[in-house]
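For reference, run-v8.pdb is printed below; it contains PDB, C-alpha atoms.
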ATOM      1  CA  PHE A   3      27.908 -58.368  10.309
ATOM      2  CA  ASP A   4      24.685 -59.013   8.446
ATOM      3  CA  GLN A   5      23.678 -56.629   5.727
ATOM      4  CA  ALA A   6      20.691 -56.267   3.454
ATOM      5  CA  SER A   7      20.890 -55.078  -0.119
ATOM      6  CA  SER A   8      18.832 -52.323  -1.690
ATOM      7  CA  ALA A   9      16.957 -55.112  -3.524
ATOM      8  CA  ASP A  10      15.925 -56.563  -0.136
ATOM      9  CA  ILE A  11      14.709 -53.151   0.965
ATOM     10  CA  LYS A  12      12.736 -52.578  -2.248
ATOM     11  CA  LYS A  13      10.908 -55.869  -1.625
ATOM     12  CA  MET A  14       9.686 -54.385   1.676
ATOM     13  CA  ASP A  15       7.988 -51.509  -0.249
ATOM     14  CA  PRO A  16       9.208 -48.595   1.894
ATOM     15  CA  ASP A  17       6.716 -46.138   0.374
ATOM     16  CA  GLN A  18       3.812 -48.353   1.396
ATOM     17  CA  ILE A  19       5.229 -48.746   4.917
ATOM     18  CA  GLN A  20       5.538 -44.968   5.228
ATOM     19  CA  LYS A  21       1.951 -44.439   4.049
ATOM     20  CA  ALA A  22       0.582 -47.154   6.342
ATOM     21  CA  THR A  23       2.429 -46.130   9.498
ATOM     22  CA  GLY A  24       2.962 -42.398   8.983
ATOM     23  CA  CYS A  25       6.607 -42.813   9.997
ATOM     24  CA  THR A  26       9.353 -40.355   9.121
ATOM     25  CA  ARG A  27      12.111 -41.418   6.729
ATOM     26  CA  ASP A  28      14.463 -42.335   9.596
ATOM     27  CA  GLU A  29      11.731 -44.105  11.576
ATOM     28  CA  CYS A  30      10.753 -46.124   8.502
ATOM     29  CA  ALA A  31      14.398 -47.067   7.926
ATOM     30  CA  THR A  32      14.599 -48.524  11.437
ATOM     31  CA  VAL A  33      11.270 -50.370  10.993
ATOM     32  CA  ILE A  34      12.489 -51.927   7.737
ATOM     33  CA  GLY A  35      15.891 -52.743   9.238
ATOM     34  CA  GLU A  36      14.231 -54.440  12.177
ATOM     35  CA  GLN A  37      12.050 -56.528   9.842
ATOM     36  CA  LEU A  38      15.138 -57.507   7.826
ATOM     37  CA  GLY A  39      17.007 -58.519  10.989
ATOM     38  CA  VAL A  40      19.919 -56.081  10.651
ATOM     39  CA  ASP A  41      21.616 -54.215  13.502
ATOM     40  CA  ARG A  42      22.074 -50.849  11.780
ATOM     41  CA  VAL A  43      20.687 -48.939   8.816
ATOM     42  CA  ILE A  44      22.025 -46.074   6.749
ATOM     43  CA  SER A  45      19.567 -43.373   5.777
ATOM     44  CA  CYS A  46      20.696 -40.988   3.078
ATOM     45  CA  SER A  47      19.232 -37.933   1.381
ATOM     46  CA  TYR A  48      20.456 -35.298  -1.036
ATOM     47  CA  ASN A  49      19.221 -32.000  -2.405
ATOM     48  CA  LYS A  50      20.364 -29.833  -5.256
ATOM     49  CA  VAL A  51      21.370 -26.412  -3.939
ATOM     50  CA  SER A  52      22.237 -24.895  -7.304
ATOM     51  CA  GLU A  53      23.780 -25.975 -10.601
ATOM     52  CA  GLY A  54      26.591 -28.396  -9.744
ATOM     53  CA  ILE A  55      26.175 -27.994  -5.963
ATOM     54  CA  TYR A  56      24.485 -30.722  -3.911
ATOM     55  CA  PHE A  57      23.831 -31.253  -0.211
ATOM     56  CA  LEU A  58      24.243 -34.889   0.957
ATOM     57  CA  VAL A  59      23.361 -36.188   4.424
ATOM     58  CA  ALA A  60      23.949 -39.783   5.558
ATOM     59  CA  LYS A  61      23.204 -41.268   8.984
ATOM     60  CA  MET A  62      23.971 -44.699  10.388
ATOM     61  CA  MET A  63      21.350 -45.617  12.989
ATOM     62  CA  ASP A  64      21.173 -48.367  15.594
ATOM     63  CA  ILE A  65      18.004 -50.441  15.185
ATOM     64  CA  LYS A  66      17.658 -51.269  18.885
ATOM     65  CA  ASP A  67      17.317 -47.728  20.177
ATOM     66  CA  GLY A  68      17.138 -45.554  17.045
ATOM     67  CA  SER A  69      20.260 -43.624  18.045
ATOM     68  CA  ILE A  70      22.539 -42.112  15.428
ATOM     69  CA  VAL A  71      25.843 -44.035  15.474
ATOM     70  CA  SER A  72      27.510 -41.862  12.859
ATOM     71  CA  SER A  73      26.532 -39.086  10.475
ATOM     72  CA  GLU A  74      28.141 -37.129   7.689
ATOM     73  CA  THR A  75      27.059 -34.065   5.749
ATOM     74  CA  VAL A  76      28.823 -33.100   2.537
TER      75      VAL A  76
END

If you convert what's in this file into structure tokens, what do you get?
Amino acid sequence: FDQASSADIKKMDPDQIQKATGCTRDECATVIGEQLGVDRVISCSYNKVSEGIYFLVAKMMDIKDGSIVSSETV
């Protein structure tokens, strides 16, 4: 499979894409993945709940239809 590195993604300037298109985080991830020519993207976020406790969510999405292939919350 083809994969893109975080350096490739940073070159795309995701913040600028989000401002220009008004896309959500997941929508922007699929737009960037499509432009990079990959089949799937992983979108990840985390929040601090309290001292030493974090909430992590990761989703693997299909570029073609935007469906969630796999997700995990820890």

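Going from atom CA of Ser8 of chain A over to atom CA of Gly24 of chain A, you cover 21.5 Å.
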
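Of note, atom CA of Phe57 of chain A and atom CA of Thr75 of chain A are spaced 7.3 Å apart.
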
For the atom pair atom CA of Lys12 of chain A and atom CA of Val71 of chain A, what is the interatomic distance in Å to one decimal place?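 If I compute the distance from atom CA of Lys12 of chain A to atom CA of Val71 of chain A, I get 23.6 Å.
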
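Minimum atom-to-atom distances from A:Cys30, A:Ser73, A:Lys61, A:Gln37 to Asp17 of chain A were compared using only C-alpha atoms, and the lowest value belongs to A:Cys30.
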
Residues returned when the PyMOL selection byres ((chain A and resi 39) around 12) runs on this file, as a count of residues only: 20

The PyMOL selection byres ((chain A and resi 47) around 9) - which residues does that actually catch in the file I just gave you? List them as a VMD selection string. chain A and resid 45 to 46 48 to 49 57 to 60

Across A:Met14, A:Ala9, A:Ile44, A:Val51, the smallest distance to Glu74 of chain A, with all atoms listed in the file counted, is shown by A:Ile44

Compare A:Glu29, A:Pro16, A:Val76, A:Ser7 by their minimum atom-to-atom distance to Tyr56 of chain A, counting all atoms listed in the file, and give me the closest one.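 So, comparing all the options, the nearest one is A:Val76.
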
How about completing segment 26-49 of chain A with N, CA, C and O atoms and giving it to me as a short mmCIF file (atom, residue, chain, number, x, y, z; two decimals), in the coordinates of the input?
data_model
loop_
_atom_site.label_atom_id
_atom_site.label_comp_id
_atom_site.auth_asym_id
_atom_site.auth_seq_id
_atom_site.Cartn_x
_atom_site.Cartn_y
_atom_site.Cartn_z
N THR A 26 8.41 -41.21 9.83
CA THR A 26 9.35 -40.35 9.12
C THR A 26 10.32 -41.25 8.35
O THR A 26 10.35 -42.46 8.55
N ARG A 27 11.13 -40.65 7.51
CA ARG A 27 12.11 -41.42 6.73
C ARG A 27 13.02 -42.25 7.64
O ARG A 27 13.23 -43.43 7.41
N ASP A 28 13.57 -41.63 8.68
CA ASP A 28 14.46 -42.34 9.60
C ASP A 28 13.72 -43.41 10.39
O ASP A 28 14.23 -44.51 10.58
N GLU A 29 12.51 -43.11 10.84
CA GLU A 29 11.73 -44.10 11.58
C GLU A 29 11.41 -45.30 10.69
O GLU A 29 11.51 -46.45 11.12
N CYS A 30 11.05 -45.03 9.45
CA CYS A 30 10.75 -46.12 8.50
C CYS A 30 12.00 -46.97 8.24
O CYS A 30 11.90 -48.19 8.12
N ALA A 31 13.16 -46.33 8.15
CA ALA A 31 14.40 -47.07 7.93
C ALA A 31 14.65 -48.04 9.07
O ALA A 31 15.05 -49.18 8.84
N THR A 32 14.38 -47.62 10.30
CA THR A 32 14.60 -48.52 11.44
C THR A 32 13.56 -49.64 11.46
O THR A 32 13.87 -50.77 11.79
N VAL A 33 12.32 -49.34 11.07
CA VAL A 33 11.27 -50.37 10.99
C VAL A 33 11.66 -51.43 9.97
O VAL A 33 11.60 -52.64 10.23
N ILE A 34 12.09 -50.99 8.80
CA ILE A 34 12.49 -51.93 7.74
C ILE A 34 13.72 -52.72 8.17
O ILE A 34 13.77 -53.94 7.98
N GLY A 35 14.70 -52.05 8.76
CA GLY A 35 15.89 -52.74 9.24
C GLY A 35 15.56 -53.80 10.27
O GLY A 35 16.11 -54.91 10.25
N GLU A 36 14.65 -53.47 11.16
CA GLU A 36 14.23 -54.44 12.18
C GLU A 36 13.59 -55.66 11.53
O GLU A 36 13.87 -56.80 11.89
N GLN A 37 12.71 -55.43 10.54
CA GLN A 37 12.05 -56.53 9.84
C GLN A 37 13.04 -57.38 9.05
O GLN A 37 12.82 -58.58 8.88
N LEU A 38 14.12 -56.76 8.57
CA LEU A 38 15.14 -57.51 7.83
C LEU A 38 16.15 -58.19 8.74
O LEU A 38 16.99 -58.96 8.28
N GLY A 39 16.12 -57.87 10.03
CA GLY A 39 17.01 -58.52 10.99
C GLY A 39 18.42 -57.96 11.00
O GLY A 39 19.36 -58.66 11.36
N VAL A 40 18.59 -56.69 10.63
CA VAL A 40 19.92 -56.08 10.65
C VAL A 40 20.09 -55.28 11.94
O VAL A 40 19.12 -54.96 12.63
N ASP A 41 21.33 -54.97 12.28
CA ASP A 41 21.62 -54.22 13.50
C ASP A 41 21.60 -52.71 13.28
O ASP A 41 21.28 -51.94 14.19
N ARG A 42 21.98 -52.27 12.09
CA ARG A 42 22.07 -50.85 11.78
C ARG A 42 21.58 -50.59 10.37
O ARG A 42 21.62 -51.46 9.51
N VAL A 43 21.11 -49.36 10.15
CA VAL A 43 20.69 -48.94 8.82
C VAL A 43 21.36 -47.61 8.48
O VAL A 43 21.73 -46.86 9.39
N ILE A 44 21.50 -47.35 7.21
CA ILE A 44 22.02 -46.07 6.75
C ILE A 44 20.90 -45.38 5.99
O ILE A 44 20.34 -45.94 5.05
N SER A 45 20.58 -44.19 6.44
CA SER A 45 19.57 -43.37 5.78
C SER A 45 20.29 -42.21 5.11
O SER A 45 21.13 -41.56 5.72
N CYS A 46 19.96 -41.96 3.87
CA CYS A 46 20.70 -40.99 3.08
C CYS A 46 19.72 -40.10 2.32
O CYS A 46 18.69 -40.57 1.86
N SER A 47 20.04 -38.83 2.20
CA SER A 47 19.23 -37.93 1.38
C SER A 47 20.14 -36.90 0.73
O SER A 47 21.22 -36.62 1.24
N TYR A 48 19.68 -36.36 -0.39
CA TYR A 48 20.46 -35.30 -1.04
C TYR A 48 19.51 -34.30 -1.68
O TYR A 48 18.39 -34.62 -2.04
N ASN A 49 19.98 -33.08 -1.78
CA ASN A 49 19.22 -32.00 -2.40
C ASN A 49 20.15 -31.20 -3.30
O ASN A 49 21.32 -31.04 -2.99
#
